[in-house]
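Containing mmCIF, C-alpha atoms: structure_23.cif.
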data_model
#
loop_
_atom_site.label_atom_id
_atom_site.label_comp_id
_atom_site.auth_asym_id
_atom_site.auth_seq_id
_atom_site.Cartn_x
_atom_site.Cartn_y
_atom_site.Cartn_z
CA MET H 1 -2.75 -30.87 -21.43
CA SER H 2 0.53 -32.59 -22.31
CA ASP H 3 2.04 -29.32 -23.53
CA LEU H 4 1.65 -27.61 -20.15
CA GLN H 5 4.73 -26.15 -18.51
CA PRO H 6 5.63 -28.27 -15.47
CA TYR H 7 6.00 -26.51 -12.13
CA THR H 8 7.83 -27.53 -8.97
CA VAL H 9 6.08 -26.44 -5.78
CA GLY H 10 7.70 -26.56 -2.36
CA LEU H 11 5.69 -26.53 0.88
CA VAL H 12 7.94 -25.85 3.87
CA ILE H 13 6.74 -27.70 6.97
CA TYR H 14 8.11 -27.56 10.51
CA PRO H 15 7.36 -28.62 14.09
CA GLY H 16 4.48 -26.62 15.54
CA MET H 17 3.05 -25.59 12.17
CA THR H 18 -0.70 -25.31 11.56
CA THR H 19 -1.59 -28.19 9.27
CA LEU H 20 -4.41 -26.46 7.40
CA ASP H 21 -2.06 -23.65 6.34
CA ILE H 22 -0.33 -26.22 4.12
CA VAL H 23 -2.97 -28.92 3.67
CA GLY H 24 -5.42 -26.38 2.20
CA PRO H 25 -3.05 -25.27 -0.59
CA GLN H 26 -1.85 -28.85 -1.11
CA ALA H 27 -5.44 -30.01 -1.67
CA VAL H 28 -5.61 -27.50 -4.53
CA PHE H 29 -2.12 -27.99 -5.95
CA SER H 30 -2.40 -31.79 -5.96
CA GLU H 31 -5.32 -31.54 -8.41
CA LEU H 32 -3.35 -29.49 -10.94
CA PRO H 33 -1.73 -31.25 -13.91
CA ASP H 34 2.07 -31.36 -14.23
CA ILE H 35 2.75 -30.10 -10.72
CA LYS H 36 5.49 -31.71 -8.62
CA LEU H 37 4.94 -31.18 -4.91
CA HIS H 38 7.63 -31.30 -2.23
CA ARG H 39 6.97 -31.30 1.53
CA ILE H 40 10.20 -29.87 2.87
CA TRP H 41 12.01 -29.85 6.21
CA LYS H 42 15.58 -30.19 7.47
CA VAL H 43 15.35 -33.96 7.83
CA LEU H 44 13.01 -36.74 6.72
CA GLU H 45 11.68 -37.43 10.20
CA PRO H 46 8.02 -37.08 11.24
CA ILE H 47 7.13 -33.68 12.64
CA GLU H 48 4.25 -32.87 14.97
CA ALA H 49 2.00 -29.96 14.05
CA ASP H 50 0.36 -27.65 16.57
CA ASP H 51 -2.83 -29.72 16.52
CA GLY H 52 -1.02 -33.00 17.22
CA MET H 53 -1.14 -34.24 13.63
CA VAL H 54 2.07 -35.90 12.48
CA ILE H 55 3.39 -35.16 8.97
CA VAL H 56 6.33 -36.82 7.24
CA PRO H 57 8.49 -34.64 4.96
CA ASP H 58 9.62 -36.09 1.64
CA THR H 59 12.35 -33.56 0.78
CA THR H 60 15.15 -31.98 2.82
CA PHE H 61 16.63 -28.51 2.60
CA ALA H 62 19.82 -30.11 1.27
CA ASN H 63 18.27 -32.12 -1.58
CA CYS H 64 15.44 -29.77 -2.55
CA PRO H 65 15.52 -28.84 -6.24
CA PRO H 66 15.03 -25.23 -7.39
CA LEU H 67 11.39 -24.34 -6.77
CA ASP H 68 9.03 -22.46 -9.05
CA VAL H 69 6.66 -21.83 -6.12
CA LEU H 70 8.00 -21.45 -2.58
CA CYS H 71 5.37 -21.59 0.17
CA ILE H 72 5.46 -21.54 3.97
CA GLY H 73 2.60 -21.42 6.46
CA GLY H 74 2.26 -20.30 10.04
CA GLY H 75 1.64 -22.08 13.29
CA LEU H 76 0.87 -21.61 16.95
CA LYS H 77 4.45 -22.66 17.74
CA GLN H 78 6.13 -20.83 14.89
CA MET H 79 7.95 -18.42 17.21
CA ALA H 80 10.30 -21.27 18.19
CA ILE H 81 11.27 -21.70 14.53
CA VAL H 82 10.86 -18.29 12.92
CA ASP H 83 14.45 -17.12 13.62
CA ASP H 84 16.09 -20.46 12.84
CA PRO H 85 19.08 -19.61 10.62
CA GLU H 86 18.78 -22.82 8.57
CA VAL H 87 15.14 -22.07 7.78
CA LEU H 88 15.81 -18.46 6.86
CA GLU H 89 18.82 -19.39 4.72
CA PHE H 90 16.75 -21.97 2.83
CA LEU H 91 14.02 -19.41 2.19
CA LYS H 92 16.56 -16.83 1.00
CA LYS H 93 18.25 -19.33 -1.32
CA GLN H 94 15.03 -20.55 -2.91
CA GLY H 95 13.55 -17.06 -2.92
CA ASN H 96 16.41 -15.85 -5.13
CA THR H 97 15.22 -18.00 -8.01
CA ALA H 98 11.56 -18.94 -7.34
CA GLN H 99 8.97 -17.61 -9.76
CA PHE H 100 6.47 -17.12 -6.94
CA ILE H 101 7.32 -16.49 -3.28
CA THR H 102 4.29 -17.22 -1.16
CA SER H 103 2.91 -17.74 2.32
CA VAL H 104 -0.23 -18.52 4.26
CA CYS H 105 -1.16 -17.11 7.66
CA GLY H 106 1.91 -16.37 9.83
CA GLY H 107 4.21 -17.74 7.12
CA SER H 108 4.59 -14.17 5.87
CA VAL H 109 6.61 -13.42 9.03
CA PHE H 110 9.14 -16.05 7.94
CA LEU H 111 9.40 -14.44 4.51
CA ALA H 112 9.85 -11.00 6.05
CA LYS H 113 12.59 -12.22 8.38
CA ALA H 114 14.30 -13.81 5.36
CA GLY H 115 14.30 -10.41 3.65
CA LEU H 116 11.82 -11.47 0.97
CA LEU H 117 9.04 -8.96 1.63
CA GLN H 118 10.87 -5.64 1.65
CA GLY H 119 8.90 -3.27 -0.55
CA TYR H 120 5.92 -5.63 -0.83
CA ARG H 121 2.42 -5.82 0.59
CA ALA H 122 1.45 -9.05 2.30
CA ALA H 123 -1.36 -10.69 4.22
CA THR H 124 -1.15 -12.69 7.42
CA HIS H 125 -3.39 -13.93 10.22
CA TRP H 126 -5.15 -10.92 11.73
CA ALA H 127 -3.49 -11.55 15.10
CA MET H 128 -0.05 -11.34 13.44
CA ARG H 129 -0.59 -8.11 11.52
CA GLY H 130 1.25 -6.04 14.12
CA GLU H 131 4.20 -8.44 14.14
CA LEU H 132 4.45 -8.30 10.36
CA ALA H 133 4.23 -4.51 10.32
CA LYS H 134 7.13 -4.32 12.80
CA LEU H 135 9.25 -6.04 10.16
CA GLY H 136 8.66 -3.18 7.72
CA VAL H 137 6.02 -4.90 5.59
CA GLU H 138 2.92 -3.11 4.33
CA VAL H 139 0.17 -5.32 5.72
CA GLY H 140 -2.94 -5.98 3.65
CA THR H 141 -6.23 -7.11 5.17
CA GLU H 142 -7.51 -8.91 2.09
CA ARG H 143 -8.12 -12.65 2.13
CA VAL H 144 -5.30 -13.01 -0.42
CA VAL H 145 -2.76 -10.31 -1.31
CA VAL H 146 -1.02 -10.44 -4.68
CA ASP H 147 1.90 -8.03 -5.08
CA ARG H 148 3.83 -8.89 -8.20
CA ASN H 149 5.29 -12.36 -7.55
CA ARG H 150 4.64 -12.26 -3.80
CA ILE H 151 1.36 -13.95 -2.94
CA SER H 152 0.16 -14.29 0.62
CA GLY H 153 -2.97 -15.63 2.27
CA GLY H 154 -4.57 -14.53 5.52
CA GLY H 155 -5.21 -16.85 8.41
CA VAL H 156 -5.49 -20.64 8.17
CA THR H 157 -8.60 -21.24 6.04
CA ALA H 158 -7.49 -18.55 3.58
CA GLY H 159 -5.01 -21.16 2.37
CA ILE H 160 -7.68 -22.60 0.07
CA ASP H 161 -8.45 -19.19 -1.45
CA PHE H 162 -4.70 -18.69 -1.74
CA GLY H 163 -4.26 -22.06 -3.43
CA LEU H 164 -6.94 -21.30 -5.99
CA THR H 165 -5.31 -17.92 -6.70
CA ILE H 166 -2.01 -19.70 -7.41
CA ALA H 167 -3.85 -22.31 -9.49
CA LYS H 168 -5.24 -19.58 -11.73
CA LEU H 169 -1.76 -18.13 -12.23
CA LEU H 170 -0.20 -21.49 -13.04
CA ARG H 171 -2.98 -23.17 -15.02
CA GLY H 172 -5.57 -20.54 -15.91
CA GLU H 173 -8.99 -19.62 -14.59
CA GLU H 174 -10.94 -22.54 -16.07
CA ILE H 175 -8.74 -25.20 -14.46
CA ALA H 176 -8.75 -23.27 -11.17
CA LYS H 177 -12.55 -23.24 -11.26
CA MET H 178 -12.61 -26.96 -12.01
CA VAL H 179 -10.44 -27.59 -8.96
CA GLN H 180 -12.70 -25.45 -6.78
CA LEU H 181 -15.69 -27.47 -7.91
CA SER H 182 -13.80 -30.75 -7.58
CA ILE H 183 -13.00 -30.09 -3.91
CA GLU H 184 -16.49 -28.59 -3.44
CA TYR H 185 -15.14 -25.40 -1.95
CA ASN H 186 -18.45 -23.69 -1.25
CA PRO H 187 -18.15 -22.36 2.31
CA GLU H 188 -21.22 -21.48 4.34
CA PRO H 189 -19.92 -20.87 7.88
CA PRO H 190 -22.46 -21.12 10.71
CA PHE H 191 -21.27 -17.78 12.14
CA ASP H 192 -20.32 -14.57 10.36
CA VAL H 193 -17.39 -13.76 12.66
CA GLY H 194 -14.46 -14.95 10.55
CA SER H 195 -12.56 -11.64 10.58
CA PRO H 196 -11.96 -9.02 13.28
CA GLU H 197 -13.93 -6.54 11.20
CA LYS H 198 -16.99 -8.80 11.49
CA ALA H 199 -16.51 -10.26 14.96
CA GLY H 200 -16.77 -7.11 17.07
CA PRO H 201 -14.32 -5.78 19.69
CA GLU H 202 -15.32 -8.02 22.61
CA LEU H 203 -14.87 -11.30 20.75
CA VAL H 204 -11.70 -9.99 19.10
CA GLN H 205 -10.10 -9.19 22.46
CA LYS H 206 -10.98 -12.56 23.95
CA THR H 207 -9.70 -14.39 20.90
CA LEU H 208 -6.55 -12.27 20.65
CA ALA H 209 -5.64 -13.05 24.25
CA PHE H 210 -6.10 -16.75 23.53
CA VAL H 211 -4.04 -16.69 20.33
CA MET H 212 -1.24 -14.63 21.87
CA GLY H 213 -1.06 -17.07 24.75
CA GLN H 214 -0.77 -19.96 22.32
CA LEU H 215 1.98 -18.14 20.41
CA GLY H 216 3.83 -17.32 23.61
CA LEU H 217 3.70 -13.56 22.95
#

Encoded form (C-alpha coordinates):
Amino acid sequence: MSDLQPYTVGLVIYPGMTTLDIVGPQAVFSELPDIKLHRIWKVLEPIEADDGMVIVPDTTFANCPPLDVLCIGGGLKQMAIVDDPEVLEFLKKQGNTAQFITSVCGGSVFLAKAGLLQGYRAATHWAMRGELAKLGVEVGTERVVVDRNRISGGGVTAGIDFGLTIAKLLRGEEIAKMVQLSIEYNPEPPFDVGSPEKAGPELVQKTLAFVMGQLGL
(Lines of atoms letter the chains of each structure in order from A and count residues from 1; the text may use other names and numbers.)
(Lines give C-alpha, C1' and ligand atoms only; values in the text may rest on other atoms or scores of the structure.)
Protein backbone atom coordinates (compact mmCIF):
# COMPACT_ATOMS: atom_id res chain seq x y z
CA MET A 1 0.00 0.00 0.00
CA SER A 2 3.06 2.27 -0.13
CA ASP A 3 1.91 3.81 -3.42
CA LEU A 4 -1.35 5.11 -1.94
CA GLN A 5 -2.09 8.80 -2.22
CA PRO A 6 -1.82 10.38 1.25
CA TYR A 7 -4.80 12.36 2.52
CA THR A 8 -5.03 15.04 5.20
CA VAL A 9 -8.28 14.92 7.17
CA GLY A 10 -9.41 17.68 9.51
CA LEU A 11 -11.99 17.15 12.25
CA VAL A 12 -13.23 20.46 13.63
CA ILE A 13 -14.03 20.22 17.34
CA TYR A 14 -15.52 22.86 19.63
CA PRO A 15 -16.98 23.37 23.11
CA GLY A 16 -20.40 21.74 23.41
CA MET A 17 -19.90 19.35 20.50
CA THR A 18 -21.26 15.80 20.53
CA THR A 19 -18.25 13.53 20.85
CA LEU A 20 -19.63 10.61 18.85
CA ASP A 21 -20.18 12.87 15.83
CA ILE A 22 -16.39 13.05 15.53
CA VAL A 23 -15.21 9.96 17.42
CA GLY A 24 -17.25 7.69 15.12
CA PRO A 25 -15.61 8.96 11.91
CA GLN A 26 -12.21 9.12 13.62
CA ALA A 27 -12.48 5.45 14.59
CA VAL A 28 -12.84 4.68 10.88
CA PHE A 29 -10.31 7.16 9.52
CA SER A 30 -7.62 6.16 12.02
CA GLU A 31 -7.62 2.63 10.56
CA LEU A 32 -6.98 3.82 7.01
CA PRO A 33 -3.41 3.77 5.65
CA ASP A 34 -1.63 7.04 4.80
CA ILE A 35 -4.21 9.27 6.46
CA LYS A 36 -3.08 12.24 8.57
CA LEU A 37 -5.71 13.29 11.09
CA HIS A 38 -6.01 16.73 12.67
CA ARG A 39 -8.32 17.60 15.58
CA ILE A 40 -8.82 21.31 15.08
CA TRP A 41 -9.93 24.24 17.22
CA LYS A 42 -8.95 27.87 17.74
CA VAL A 43 -6.45 27.06 20.48
CA LEU A 44 -4.72 23.97 21.87
CA GLU A 45 -6.65 24.00 25.14
CA PRO A 46 -8.93 21.18 26.34
CA ILE A 47 -12.56 21.59 25.34
CA GLU A 48 -15.57 20.07 27.06
CA ALA A 49 -18.12 18.27 24.90
CA ASP A 50 -21.85 18.24 25.58
CA ASP A 51 -21.56 14.94 27.45
CA GLY A 52 -18.80 16.18 29.76
CA MET A 53 -15.98 14.43 27.92
CA VAL A 54 -12.85 16.54 27.56
CA ILE A 55 -10.96 16.51 24.24
CA VAL A 56 -7.62 18.15 23.50
CA PRO A 57 -7.12 19.64 20.02
CA ASP A 58 -3.79 19.07 18.29
CA THR A 59 -4.10 21.70 15.53
CA THR A 60 -5.27 25.32 15.52
CA PHE A 61 -7.11 27.26 12.85
CA ALA A 62 -3.93 29.29 12.33
CA ASN A 63 -1.52 26.39 11.78
CA CYS A 64 -3.84 23.93 10.05
CA PRO A 65 -2.49 22.75 6.70
CA PRO A 66 -4.72 22.58 3.60
CA LEU A 67 -7.17 19.73 4.14
CA ASP A 68 -8.25 17.09 1.65
CA VAL A 69 -11.26 16.22 3.84
CA LEU A 70 -12.93 18.87 5.99
CA CYS A 71 -15.37 17.56 8.59
CA ILE A 72 -17.45 19.13 11.36
CA GLY A 73 -20.03 17.55 13.65
CA GLY A 74 -22.95 18.85 15.64
CA GLY A 75 -23.66 19.22 19.32
CA LEU A 76 -26.31 20.04 21.87
CA LYS A 77 -24.54 23.36 22.49
CA GLN A 78 -23.66 24.13 18.89
CA MET A 79 -25.97 27.14 18.73
CA ALA A 80 -23.48 29.07 20.88
CA ILE A 81 -20.77 28.44 18.27
CA VAL A 82 -22.57 28.12 14.94
CA ASP A 83 -22.39 31.85 14.07
CA ASP A 84 -18.84 32.36 15.35
CA PRO A 85 -17.06 34.35 12.62
CA GLU A 86 -13.70 32.64 13.23
CA VAL A 87 -15.27 29.21 12.81
CA LEU A 88 -17.17 30.17 9.67
CA GLU A 89 -14.12 31.86 8.15
CA PHE A 90 -12.01 28.76 8.78
CA LEU A 91 -14.64 26.56 7.14
CA LYS A 92 -14.88 28.89 4.14
CA LYS A 93 -11.10 29.01 3.73
CA GLN A 94 -10.61 25.25 3.91
CA GLY A 95 -13.77 24.62 1.91
CA ASN A 96 -12.33 26.57 -1.02
CA THR A 97 -9.64 23.94 -1.56
CA ALA A 98 -10.77 20.72 0.20
CA GLN A 99 -11.46 17.72 -1.99
CA PHE A 100 -14.36 16.66 0.23
CA ILE A 101 -16.48 18.98 2.39
CA THR A 102 -18.31 16.94 4.97
CA SER A 103 -20.37 16.94 8.14
CA VAL A 104 -22.10 14.73 10.65
CA CYS A 105 -25.37 15.49 12.43
CA GLY A 106 -25.87 19.24 13.01
CA GLY A 107 -22.47 19.98 11.48
CA SER A 108 -24.27 20.55 8.17
CA VAL A 109 -25.74 23.74 9.67
CA PHE A 110 -22.20 25.08 10.11
CA LEU A 111 -21.41 24.29 6.48
CA ALA A 112 -24.61 25.98 5.32
CA LYS A 113 -23.88 29.11 7.35
CA ALA A 114 -20.38 29.16 5.83
CA GLY A 115 -21.95 29.16 2.36
CA LEU A 116 -20.70 25.68 1.50
CA LEU A 117 -24.02 23.94 0.87
CA GLN A 118 -25.75 26.25 -1.58
CA GLY A 119 -27.09 24.09 -4.40
CA TYR A 120 -26.39 20.84 -2.55
CA ARG A 121 -28.41 18.20 -0.74
CA ALA A 122 -27.35 17.36 2.78
CA ALA A 123 -28.31 15.25 5.77
CA THR A 124 -28.50 16.29 9.40
CA HIS A 125 -30.00 15.12 12.68
CA TRP A 126 -33.74 14.72 12.17
CA ALA A 127 -34.46 17.40 14.78
CA MET A 128 -32.33 19.89 12.80
CA ARG A 129 -33.88 19.29 9.38
CA GLY A 130 -36.09 22.37 9.65
CA GLU A 131 -33.16 24.56 10.68
CA LEU A 132 -31.10 23.34 7.75
CA ALA A 133 -33.96 23.87 5.31
CA LYS A 134 -34.30 27.49 6.51
CA LEU A 135 -30.75 28.03 5.28
CA GLY A 136 -31.75 27.12 1.72
CA VAL A 137 -30.38 23.57 1.73
CA GLU A 138 -32.25 20.65 0.19
CA VAL A 139 -32.48 18.27 3.14
CA GLY A 140 -32.10 14.54 2.59
CA THR A 141 -33.41 11.95 5.03
CA GLU A 142 -30.91 9.24 4.13
CA ARG A 143 -28.42 7.96 6.68
CA VAL A 144 -25.64 9.44 4.53
CA VAL A 145 -26.13 11.91 1.67
CA VAL A 146 -23.51 12.14 -1.06
CA ASP A 147 -23.90 15.08 -3.44
CA ARG A 148 -20.79 15.44 -5.55
CA ASN A 149 -18.00 16.31 -3.08
CA ARG A 150 -20.38 17.21 -0.25
CA ILE A 151 -20.92 14.25 2.07
CA SER A 152 -23.08 14.49 5.14
CA GLY A 153 -24.25 12.06 7.80
CA GLY A 154 -27.47 12.10 9.78
CA GLY A 155 -27.58 12.20 13.55
CA VAL A 156 -24.77 11.09 15.86
CA THR A 157 -24.41 7.34 15.22
CA ALA A 158 -24.61 7.93 11.46
CA GLY A 159 -21.03 9.16 11.81
CA ILE A 160 -19.79 5.58 11.50
CA ASP A 161 -21.78 4.98 8.31
CA PHE A 162 -20.49 8.34 7.10
CA GLY A 163 -16.91 7.40 7.94
CA LEU A 164 -17.15 4.15 6.03
CA THR A 165 -18.60 6.01 3.04
CA ILE A 166 -15.58 8.34 3.06
CA ALA A 167 -13.26 5.36 3.53
CA LYS A 168 -14.61 3.78 0.36
CA LEU A 169 -14.02 7.01 -1.57
CA LEU A 170 -10.47 7.42 -0.28
CA ARG A 171 -9.26 3.82 -0.17
CA GLY A 172 -11.75 1.67 -2.07
CA GLU A 173 -14.51 -0.71 -1.06
CA GLU A 174 -12.33 -3.62 0.06
CA ILE A 175 -10.37 -1.55 2.59
CA ALA A 176 -13.59 0.11 3.79
CA LYS A 177 -15.08 -3.34 4.37
CA MET A 178 -11.95 -4.42 6.23
CA VAL A 179 -12.28 -1.41 8.51
CA GLN A 180 -15.95 -2.17 9.15
CA LEU A 181 -15.04 -5.70 10.16
CA SER A 182 -12.04 -4.52 12.19
CA ILE A 183 -14.21 -2.24 14.33
CA GLU A 184 -16.96 -4.90 14.34
CA TYR A 185 -19.60 -2.47 13.14
CA ASN A 186 -22.56 -4.84 13.15
CA PRO A 187 -25.36 -2.92 14.89
CA GLU A 188 -28.34 -4.71 16.38
CA PRO A 189 -30.20 -2.04 18.38
CA PRO A 190 -32.57 -3.28 21.09
CA PHE A 191 -35.33 -0.98 19.78
CA ASP A 192 -36.35 -0.18 16.22
CA VAL A 193 -37.04 3.51 16.88
CA GLY A 194 -33.84 5.08 15.55
CA SER A 195 -35.54 7.46 13.11
CA PRO A 196 -38.71 9.57 13.31
CA GLU A 197 -40.19 7.48 10.52
CA LYS A 198 -39.90 4.39 12.74
CA ALA A 199 -40.52 5.89 16.17
CA GLY A 200 -44.10 7.10 15.75
CA PRO A 201 -45.53 10.59 16.40
CA GLU A 202 -45.87 10.38 20.19
CA LEU A 203 -42.26 9.41 20.85
CA VAL A 204 -41.06 11.88 18.21
CA GLN A 205 -42.84 14.79 19.90
CA LYS A 206 -41.52 13.90 23.34
CA THR A 207 -37.99 13.50 22.03
CA LEU A 208 -38.17 16.66 19.91
CA ALA A 209 -39.20 18.73 22.93
CA PHE A 210 -36.26 17.29 24.86
CA VAL A 211 -33.74 17.92 22.08
CA MET A 212 -34.97 21.45 21.39
CA GLY A 213 -34.68 22.24 25.07
CA GLN A 214 -31.10 20.98 25.08
CA LEU A 215 -30.31 23.08 22.00
CA GLY A 216 -31.92 26.14 23.52
CA LEU A 217 -34.38 26.52 20.62

Which residue out of H:Pro25, H:Gly106, H:Gly10, H:Pro46 has the minimum interatomic distance to Pro66 in chain H when only C-alpha atoms are used?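 Closest to Pro66 in chain H of all the choices is H:Gly10.
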
Answer as a PyMOL selection string, residues within 12 Å of (-9.1, -18.8, -0.6) using only C-alpha atoms: chain H and resi 21+24-25+27-28+104-105+142-145+151-168+176+180+185-187

Evaluate the PyMOL selection byres ((chain H and resi 119) around 10) and record the selected residues as a list in words, following the chain and residue labels used in the document.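 Applying the expression gives Gly115, Leu116, Leu117, Gln118, Tyr120, Arg121, Ala122, Gly136, Val137, Glu138 and Asp147 of chain H.
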
Give me the result of the PyMOL selection byres ((chain H and resi 33) around 12) on this file, residue by residue, as a tab-separated table (two decimals) with C-alpha atoms, in the frame of the given file.
chain	number	residue	atom	x	y	z
H	1	MET	CA	-2.75	-30.87	-21.43
H	2	SER	CA	0.53	-32.59	-22.31
H	3	ASP	CA	2.04	-29.32	-23.53
H	4	LEU	CA	1.65	-27.61	-20.15
H	5	GLN	CA	4.73	-26.15	-18.51
H	6	PRO	CA	5.63	-28.27	-15.47
H	7	TYR	CA	6.00	-26.51	-12.13
H	8	THR	CA	7.83	-27.53	-8.97
H	28	VAL	CA	-5.61	-27.50	-4.53
H	29	PHE	CA	-2.12	-27.99	-5.95
H	30	SER	CA	-2.40	-31.79	-5.96
H	31	GLU	CA	-5.32	-31.54	-8.41
H	32	LEU	CA	-3.35	-29.49	-10.94
H	34	ASP	CA	2.07	-31.36	-14.23
H	35	ILE	CA	2.75	-30.10	-10.72
H	36	LYS	CA	5.49	-31.71	-8.62
H	37	LEU	CA	4.94	-31.18	-4.91
H	167	ALA	CA	-3.85	-22.31	-9.49
H	170	LEU	CA	-0.20	-21.49	-13.04
H	171	ARG	CA	-2.98	-23.17	-15.02
H	172	GLY	CA	-5.57	-20.54	-15.91
H	175	ILE	CA	-8.74	-25.20	-14.46
H	176	ALA	CA	-8.75	-23.27	-11.17
H	178	MET	CA	-12.61	-26.96	-12.01
H	179	VAL	CA	-10.44	-27.59	-8.96

Nearest-residue call for Met212 in chain H, choices H:Lys92, H:Arg39, H:His125, H:Lys134, using only C-alpha atoms: H:His125

Chain and number of each residue from the PyMOL selection byres ((chain H and resi 102) around 7), as a VMD selection string: chain H and resid 70 to 72 100 to 101 103 150 to 152

Find the residues around Leu91 in chain H up to 8 Å (only C-alpha atoms counted), leave out those fewer than 2 positions away in its own chain, and share them as a short mmCIF file (atom, residue, chain, number, x, y, z; two decimals) with C-alpha atoms, keeping the file's coordinate frame.
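Result saved to part-v1.cif:
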data_model
loop_
_atom_site.label_atom_id
_atom_site.label_comp_id
_atom_site.auth_asym_id
_atom_site.auth_seq_id
_atom_site.Cartn_x
_atom_site.Cartn_y
_atom_site.Cartn_z
CA LEU H 70 8.00 -21.45 -2.58
CA VAL H 87 15.14 -22.07 7.78
CA LEU H 88 15.81 -18.46 6.86
CA GLU H 89 18.82 -19.39 4.72
CA LYS H 93 18.25 -19.33 -1.32
CA GLN H 94 15.03 -20.55 -2.91
CA GLY H 95 13.55 -17.06 -2.92
CA LEU H 111 9.40 -14.44 4.51
CA ALA H 114 14.30 -13.81 5.36
#

Which is closest to Pro65 in chain H among H:Gln99, H:Asp51, H:Gly140, H:Val9, if we use only C-alpha atoms?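 Of the candidates, the smallest distance to Pro65 in chain H is held by H:Val9.
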
Nearest residue to Glu131 in chain H out of H:Leu215, H:Val69, H:Leu44, H:Val146, using all atoms listed in the file?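 So, comparing all the options, the nearest one is H:Leu215.
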
What does the distance between CA of Pro196 in chain H and CA of Trp126 in chain H come to in Å, to one decimal place?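 Value for the CA of Pro196 in chain H-CA of Trp126 in chain H distance: 7.2 Å.
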
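For the pair CA of Leu76 in chain H and CA of Asn149 in chain H, the separation is 26.6 Å.
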